[in-house]
>>> print(open('final-v6.cif').read())   # mmCIF, C-alpha atoms; chains and numbers go by the auth columns
data_run
#
loop_
_atom_site.group_PDB
_atom_site.id
_atom_site.type_symbol
_atom_site.label_atom_id
_atom_site.label_comp_id
_atom_site.label_asym_id
_atom_site.label_seq_id
_atom_site.Cartn_x
_atom_site.Cartn_y
_atom_site.Cartn_z
_atom_site.B_iso_or_equiv
_atom_site.auth_seq_id
_atom_site.auth_asym_id
ATOM 1 C CA MET A 1 13.168 22.417 -19.233 0.00 1 G
ATOM 2 C CA PRO A 2 15.505 23.710 -21.861 0.00 2 G
ATOM 3 C CA GLY A 3 18.855 22.053 -21.690 0.00 3 G
ATOM 4 C CA SER A 4 17.806 19.492 -19.072 0.00 4 G
ATOM 5 C CA SER A 5 19.406 16.085 -19.212 0.00 5 G
ATOM 6 C CA PRO A 6 18.780 12.797 -17.404 0.00 6 G
ATOM 7 C CA THR A 7 21.896 13.336 -15.325 0.00 7 G
ATOM 8 C CA TRP A 8 21.933 16.305 -13.002 0.00 8 G
ATOM 9 C CA ASN A 9 25.005 18.385 -12.361 0.00 9 G
ATOM 10 C CA ALA A 10 24.637 20.468 -9.201 0.00 10 G
ATOM 11 C CA ASP A 11 27.434 22.852 -10.198 0.00 11 G
ATOM 12 C CA SER A 12 25.804 24.026 -13.433 0.00 12 G
ATOM 13 C CA SER A 13 22.180 24.209 -12.246 0.00 13 G
ATOM 14 C CA THR A 14 20.416 27.313 -11.104 0.00 14 G
ATOM 15 C CA ARG A 15 18.375 27.688 -7.978 0.00 15 G
ATOM 16 C CA ARG A 16 15.176 27.693 -10.077 0.00 16 G
ATOM 17 C CA GLU A 17 16.119 24.356 -11.715 0.00 17 G
ATOM 18 C CA PHE A 18 16.880 22.848 -8.323 0.00 18 G
ATOM 19 C CA PHE A 19 13.455 23.755 -6.888 0.00 19 G
ATOM 20 C CA SER A 20 11.723 22.636 -10.081 0.00 20 G
ATOM 21 C CA ARG A 21 13.327 19.194 -9.923 0.00 21 G
ATOM 22 C CA ALA A 22 12.752 18.879 -6.186 0.00 22 G
ATOM 23 C CA SER A 23 9.067 19.804 -6.448 0.00 23 G
ATOM 24 C CA SER A 24 8.560 17.321 -9.312 0.00 24 G
ATOM 25 C CA GLY A 25 10.083 14.572 -7.221 0.00 25 G
ATOM 26 C CA LEU A 26 7.986 15.395 -4.159 0.00 26 G
ATOM 27 C CA GLY A 27 4.864 15.655 -6.337 0.00 27 G
ATOM 28 C CA GLY A 28 5.562 12.192 -7.739 0.00 28 G
ATOM 29 C CA ILE A 29 5.969 10.755 -4.258 0.00 29 G
ATOM 30 C CA ALA A 30 2.708 12.378 -3.115 0.00 30 G
ATOM 31 C CA LEU A 31 0.858 11.080 -6.184 0.00 31 G
ATOM 32 C CA ALA A 32 2.157 7.555 -5.588 0.00 32 G
ATOM 33 C CA ALA A 33 0.985 7.697 -1.968 0.00 33 G
ATOM 34 C CA MET A 34 -2.491 8.901 -2.989 0.00 34 G
ATOM 35 C CA LEU A 35 -2.883 6.247 -5.684 0.00 35 G
ATOM 36 C CA ALA A 36 -1.733 3.518 -3.296 0.00 36 G
ATOM 37 C CA GLY A 37 -4.473 4.575 -0.885 0.00 37 G
ATOM 38 C CA GLU A 38 -7.116 4.381 -3.620 0.00 38 G
ATOM 39 C CA SER A 39 -6.075 0.932 -4.782 0.00 39 G
ATOM 40 C CA SER A 40 -6.275 -0.490 -1.276 0.00 40 G
ATOM 41 C CA ALA A 41 -9.809 0.863 -0.793 0.00 41 G
ATOM 42 C CA GLU A 42 -12.611 -1.647 -1.177 0.00 42 G
ATOM 43 C CA SER A 43 -14.058 -0.979 -4.603 0.00 43 G
ATOM 44 C CA ALA A 44 -16.521 -3.233 -6.387 0.00 44 G
ATOM 45 C CA SER A 45 -14.836 -4.990 -9.260 0.00 45 G
ATOM 46 C CA PRO A 46 -16.935 -5.274 -12.426 0.00 46 G
ATOM 47 C CA LEU A 47 -15.736 -8.885 -12.683 0.00 47 G
ATOM 48 C CA ALA A 48 -16.721 -9.845 -9.140 0.00 48 G
ATOM 49 C CA PRO A 49 -19.490 -12.469 -8.816 0.00 49 G
ATOM 50 C CA ARG A 50 -22.949 -10.967 -8.363 0.00 50 G
ATOM 51 C CA LEU A 51 -26.307 -12.354 -7.326 0.00 51 G
ATOM 52 C CA THR A 52 -28.477 -13.673 -10.144 0.00 52 G
ATOM 53 C CA HIS A 53 -31.901 -12.284 -11.098 0.00 53 G
ATOM 54 C CA PHE A 54 -33.571 -15.486 -9.958 0.00 54 G
ATOM 55 C CA GLU A 55 -32.714 -18.539 -7.896 0.00 55 G
ATOM 56 C CA PRO A 56 -30.933 -21.038 -10.185 0.00 56 G
ATOM 57 C CA ARG A 57 -32.329 -24.560 -10.272 0.00 57 G
ATOM 58 C CA ALA A 58 -29.105 -26.239 -11.398 0.00 58 G
ATOM 59 C CA LYS A 59 -26.663 -26.992 -8.615 0.00 59 G
ATOM 60 C CA ARG A 60 -23.905 -28.551 -10.695 0.00 60 G
ATOM 61 C CA VAL A 61 -22.776 -28.558 -14.323 0.00 61 G
ATOM 62 C CA ILE A 62 -20.971 -31.272 -16.218 0.00 62 G
ATOM 63 C CA TRP A 63 -18.868 -29.628 -18.897 0.00 63 G
ATOM 64 C CA LEU A 64 -17.424 -31.907 -21.560 0.00 64 G
ATOM 65 C CA PHE A 65 -14.558 -30.624 -23.655 0.00 65 G
ATOM 66 C CA MET A 66 -14.059 -33.293 -26.280 0.00 66 G
ATOM 67 C CA HIS A 67 -10.740 -32.409 -27.803 0.00 67 G
ATOM 68 C CA GLY A 68 -10.621 -34.274 -31.074 0.00 68 G
ATOM 69 C CA GLY A 69 -14.284 -35.221 -30.998 0.00 69 G
ATOM 70 C CA PRO A 70 -16.438 -35.122 -34.131 0.00 70 G
ATOM 71 C CA SER A 71 -17.356 -31.652 -35.320 0.00 71 G
ATOM 72 C CA HIS A 72 -20.886 -30.326 -35.573 0.00 72 G
ATOM 73 C CA VAL A 73 -20.460 -30.367 -39.361 0.00 73 G
ATOM 74 C CA ASP A 74 -20.159 -34.161 -39.272 0.00 74 G
ATOM 75 C CA LEU A 75 -23.055 -34.570 -36.837 0.00 75 G
ATOM 76 C CA PHE A 76 -25.819 -32.099 -37.729 0.00 76 G
ATOM 77 C CA ASP A 77 -25.085 -30.743 -41.227 0.00 77 G
ATOM 78 C CA PRO A 78 -26.005 -33.112 -44.082 0.00 78 G
ATOM 79 C CA LYS A 79 -24.336 -32.363 -47.414 0.00 79 G
ATOM 80 C CA PRO A 80 -26.231 -34.185 -50.187 0.00 80 G
ATOM 81 C CA GLU A 81 -24.236 -32.448 -52.950 0.00 81 G
ATOM 82 C CA LEU A 82 -20.967 -33.666 -51.428 0.00 82 G
ATOM 83 C CA THR A 83 -22.333 -37.215 -51.301 0.00 83 G
ATOM 84 C CA LYS A 84 -23.370 -36.908 -54.956 0.00 84 G
ATOM 85 C CA LEU A 85 -19.883 -35.673 -56.015 0.00 85 G
ATOM 86 C CA ALA A 86 -17.980 -38.260 -53.923 0.00 86 G
ATOM 87 C CA GLY A 87 -14.901 -39.644 -55.684 0.00 87 G
ATOM 88 C CA GLN A 88 -14.739 -36.796 -58.238 0.00 88 G
ATOM 89 C CA PRO A 89 -12.277 -33.886 -58.267 0.00 89 G
ATOM 90 C CA LEU A 90 -13.432 -30.485 -57.038 0.00 90 G
ATOM 91 C CA PRO A 91 -15.523 -28.740 -59.751 0.00 91 G
ATOM 92 C CA GLU A 92 -14.090 -25.661 -61.500 0.00 92 G
ATOM 93 C CA SER A 93 -16.965 -23.568 -60.144 0.00 93 G
ATOM 94 C CA PHE A 94 -15.173 -23.498 -56.762 0.00 94 G
ATOM 95 C CA GLY A 95 -12.225 -21.602 -58.269 0.00 95 G
ATOM 96 C CA GLU A 96 -8.553 -22.082 -57.513 0.00 96 G
ATOM 97 C CA VAL A 97 -7.739 -24.540 -54.740 0.00 97 G
ATOM 98 C CA MET A 98 -5.492 -23.084 -52.056 0.00 98 G
ATOM 99 C CA THR A 99 -3.916 -25.894 -50.051 0.00 99 G
ATOM 100 C CA ARG A 100 -0.553 -26.423 -48.446 0.00 100 G
ATOM 101 C CA ARG A 101 0.345 -29.191 -50.854 0.00 101 G
ATOM 102 C CA LYS A 102 -1.107 -27.376 -53.908 0.00 102 G
ATOM 103 C CA VAL A 103 -2.827 -30.591 -55.002 0.00 103 G
ATOM 104 C CA ALA A 104 -6.293 -30.082 -56.460 0.00 104 G
ATOM 105 C CA ALA A 105 -6.693 -33.546 -57.969 0.00 105 G
ATOM 106 C CA ASN A 106 -7.658 -35.258 -54.704 0.00 106 G
ATOM 107 C CA PRO A 107 -11.197 -36.641 -54.977 0.00 107 G
ATOM 108 C CA LEU A 108 -14.003 -35.357 -52.770 0.00 108 G
ATOM 109 C CA LEU A 109 -14.897 -37.545 -49.815 0.00 109 G
ATOM 110 C CA PRO A 110 -18.451 -38.163 -48.638 0.00 110 G
ATOM 111 C CA GLY A 111 -19.560 -38.133 -45.016 0.00 111 G
ATOM 112 C CA ILE A 112 -18.460 -41.136 -42.979 0.00 112 G
ATOM 113 C CA LYS A 113 -21.926 -41.946 -41.612 0.00 113 G
ATOM 114 C CA PRO A 114 -25.274 -41.359 -43.347 0.00 114 G
ATOM 115 C CA PHE A 115 -27.833 -38.801 -42.152 0.00 115 G
ATOM 116 C CA ARG A 116 -31.412 -39.804 -41.362 0.00 116 G
ATOM 117 C CA PRO A 117 -34.485 -37.846 -40.226 0.00 117 G
ATOM 118 C CA ARG A 118 -34.831 -38.298 -36.475 0.00 118 G
ATOM 119 C CA GLY A 119 -37.225 -37.549 -33.660 0.00 119 G
ATOM 120 C CA GLU A 120 -40.529 -35.688 -33.845 0.00 120 G
ATOM 121 C CA SER A 121 -39.053 -32.773 -35.812 0.00 121 G
ATOM 122 C CA GLY A 122 -37.553 -34.931 -38.540 0.00 122 G
ATOM 123 C CA LEU A 123 -34.189 -33.158 -38.225 0.00 123 G
ATOM 124 C CA GLU A 124 -31.481 -34.962 -40.155 0.00 124 G
ATOM 125 C CA VAL A 125 -28.845 -36.172 -37.703 0.00 125 G
ATOM 126 C CA SER A 126 -25.847 -38.359 -38.413 0.00 126 G
ATOM 127 C CA ASP A 127 -25.756 -42.015 -37.447 0.00 127 G
ATOM 128 C CA PHE A 128 -22.865 -41.018 -35.164 0.00 128 G
ATOM 129 C CA LEU A 129 -25.593 -39.950 -32.698 0.00 129 G
ATOM 130 C CA PRO A 130 -28.406 -42.496 -32.993 0.00 130 G
ATOM 131 C CA HIS A 131 -29.821 -41.995 -29.486 0.00 131 G
ATOM 132 C CA ILE A 132 -29.367 -38.220 -29.245 0.00 132 G
ATOM 133 C CA GLY A 133 -31.014 -37.868 -32.662 0.00 133 G
ATOM 134 C CA GLU A 134 -34.241 -39.271 -31.205 0.00 134 G
ATOM 135 C CA CYS A 135 -34.468 -36.189 -28.958 0.00 135 G
ATOM 136 C CA ALA A 136 -34.660 -33.838 -31.965 0.00 136 G
#
>>> encode(input="final-v6.cif", output="structure tokens")
Amino acid sequence: MPGSSPTWNADSSTRREFFSRASSGLGGIALAAMLAGESSAESASPLAPRLTHFEPRAKRVIWLFMHGGPSHVDLFDPKPELTKLAGQPLPESFGEVMTRRKVAANPLLPGIKPFRPRGESGLEVSDFLPHIGECA
């Protein structure tokens, strides 16, 4: 409305402004009542648990969250080039080193445990996992 303000002065308003404001207020109350009725209705939530496509065989799950455990890079990803360059500074081919301390002269470190071919597949797995590696 032209000239409308958040505060309403009954003395300076016209009859048309009064009915306009009153109908907006009643419309808002009616809308709130209708929406409250919809939200209380039983509607299927998309996040509600549903039946699976087949009967699951597993009854329980053991979930291990090993905060601070060895990373997959140290367990399943052999790096022969890193082992070959151990003790040397980072080669120039890697470009500028961006570290917090801005020190690029630190020597490269090899893996802590060696990797060996394991299991039937011959997958190289770290000596951190000698028994699990046999399942590969």
>>> atom_distance(input="final-v6.cif", atom1="atom CA of G:Glu124", atom2="atom CA of G:Glu92")
29.1 Å
>>> atom_distance(input="final-v6.cif", atom1="atom CA of G:Glu120", atom2="atom CA of G:Phe76")
15.6 Å
>>> resolve_selection(input="final-v6.cif", expression="the PyMOL selection byres ((chain G and resi 136) around 12)", output="list of chain:residue names")
G:Phe76, G:Arg116, G:Pro117, G:Arg118, G:Gly119, G:Glu120, G:Ser121, G:Gly122, G:Leu123, G:Glu124, G:Val125, G:Ser126, G:Leu129, G:Pro130, G:His131, G:Ile132, G:Gly133, G:Glu134, G:Cys135
>>> axis_aligned_box(input="final-v6.cif", around="stretch 105-116 of chain G", padding_each_side="8 Å", output="lines of an AutoDock Vina configuration file")
center_x = -19.1
center_y = -37.7
center_z = -49.7
size_x = 40.7
size_y = 24.4
size_z = 32.6
>>> resolve_selection(input="final-v6.cif", expression="the PyMOL selection byres ((chain G and resi 113) around 8)", output="PyMOL selection string")
chain G and resi 111-112+114-115+126-128
>>> residues_around(input="final-v6.cif", residues="stretch 82-84 of chain G", least_positions_apart="5", cutoff="9 Å", atoms="all atoms listed in the file", output="PyMOL selection string")
chain G and resi 108-111
>>> write_last_selection(input="final-v6.cif", atoms="C-alpha atoms", output="PDB file, in the coordinates of the input")
ATOM      1  CA  LEU G 108     -14.003 -35.357 -52.770  1.00  0.00           C
ATOM      2  CA  LEU G 109     -14.897 -37.545 -49.815  1.00  0.00           C
ATOM      3  CA  PRO G 110     -18.451 -38.163 -48.638  1.00  0.00           C
ATOM      4  CA  GLY G 111     -19.560 -38.133 -45.016  1.00  0.00           C
TER       5      GLY G 111
END
>>> atom_distance(input="final-v6.cif", atom1="atom CA of G:Lys59", atom2="atom CA of G:Ser45")
25.0 Å
>>> resolve_selection(input="final-v6.cif", expression="the PyMOL selection byres ((chain G and resi 90) around 9)", output="NGL selection string")
:G and (85 or 88-89 or 91-94 or 97 or 104-108)
>>> write_last_selection(input="final-v6.cif", atoms="C-alpha atoms", output="compact mmCIF listing (two decimals), in the frame of the given file")
# COMPACT_ATOMS: atom_id res chain seq x y z
CA LEU G 85 -19.88 -35.67 -56.02
CA GLN G 88 -14.74 -36.80 -58.24
CA PRO G 89 -12.28 -33.89 -58.27
CA PRO G 91 -15.52 -28.74 -59.75
CA GLU G 92 -14.09 -25.66 -61.50
CA SER G 93 -16.96 -23.57 -60.14
CA PHE G 94 -15.17 -23.50 -56.76
CA VAL G 97 -7.74 -24.54 -54.74
CA ALA G 104 -6.29 -30.08 -56.46
CA ALA G 105 -6.69 -33.55 -57.97
CA ASN G 106 -7.66 -35.26 -54.70
CA PRO G 107 -11.20 -36.64 -54.98
CA LEU G 108 -14.00 -35.36 -52.77
>>> decode(input="final-v6.cif", residues="stretch 22-83 of chain G", atoms="C-alpha atoms", output="compact mmCIF listing (two decimals), in the first residue's frame")
# COMPACT_ATOMS: atom_id res chain seq x y z
CA ALA G 22 -8.00 -6.74 8.57
CA SER G 23 -8.48 -9.13 5.65
CA SER G 24 -4.71 -9.71 5.40
CA GLY G 25 -4.58 -10.59 9.07
CA LEU G 26 -7.55 -12.96 8.86
CA GLY G 27 -6.09 -14.54 5.70
CA GLY G 28 -2.82 -15.16 7.53
CA ILE G 29 -4.63 -16.79 10.43
CA ALA G 30 -6.63 -19.01 8.05
CA LEU G 31 -3.48 -20.01 6.16
CA ALA G 32 -1.71 -20.90 9.41
CA ALA G 33 -4.66 -23.07 10.46
CA MET G 34 -4.71 -24.88 7.10
CA LEU G 35 -0.96 -25.52 7.12
CA ALA G 36 -1.09 -26.79 10.70
CA GLY G 37 -3.71 -29.32 9.63
CA GLU G 38 -1.53 -30.54 6.76
CA SER G 39 1.56 -30.97 8.90
CA SER G 40 -0.30 -33.08 11.44
CA ALA G 41 -1.62 -35.41 8.72
CA GLU G 42 0.17 -38.72 8.37
CA SER G 43 2.39 -38.32 5.34
CA ALA G 44 5.12 -40.74 4.32
CA SER G 45 8.50 -39.22 4.95
CA PRO G 46 11.10 -39.89 2.24
CA LEU G 47 13.58 -40.60 5.04
CA ALA G 48 11.38 -43.12 6.85
CA PRO G 49 12.69 -46.72 6.94
CA ARG G 50 11.30 -48.91 4.17
CA LEU G 51 11.26 -52.63 3.52
CA THR G 52 14.22 -53.99 1.57
CA HIS G 53 14.01 -55.70 -1.83
CA PHE G 54 15.06 -58.99 -0.30
CA GLU G 55 15.38 -60.54 3.14
CA PRO G 56 18.78 -59.51 4.58
CA ARG G 57 21.00 -62.31 5.85
CA ALA G 58 23.02 -60.15 8.25
CA LYS G 59 21.38 -59.57 11.60
CA ARG G 60 24.06 -57.38 13.16
CA VAL G 61 26.93 -55.19 12.00
CA ILE G 62 30.15 -54.39 13.78
CA TRP G 63 31.28 -50.95 12.68
CA LEU G 64 34.82 -49.95 13.59
CA PHE G 65 35.74 -46.29 13.47
CA MET G 66 39.47 -46.25 14.06
CA HIS G 67 40.20 -42.63 14.75
CA GLY G 68 43.92 -42.27 14.29
CA GLY G 69 44.35 -45.67 12.70
CA PRO G 70 46.68 -46.21 9.74
CA SER G 71 45.42 -44.83 6.45
CA HIS G 72 44.69 -46.90 3.38
CA VAL G 73 47.69 -45.22 1.73
CA ASP G 74 49.99 -46.86 4.28
CA LEU G 75 48.26 -50.24 4.02
CA PHE G 76 47.34 -50.92 0.38
CA ASP G 77 49.25 -48.42 -1.79
CA PRO G 78 52.93 -49.28 -2.35
CA LYS G 79 55.11 -46.39 -3.50
CA PRO G 80 58.36 -47.79 -4.94
CA GLU G 81 59.50 -44.36 -6.21
CA LEU G 82 59.16 -42.90 -2.72
CA THR G 83 61.23 -45.76 -1.30
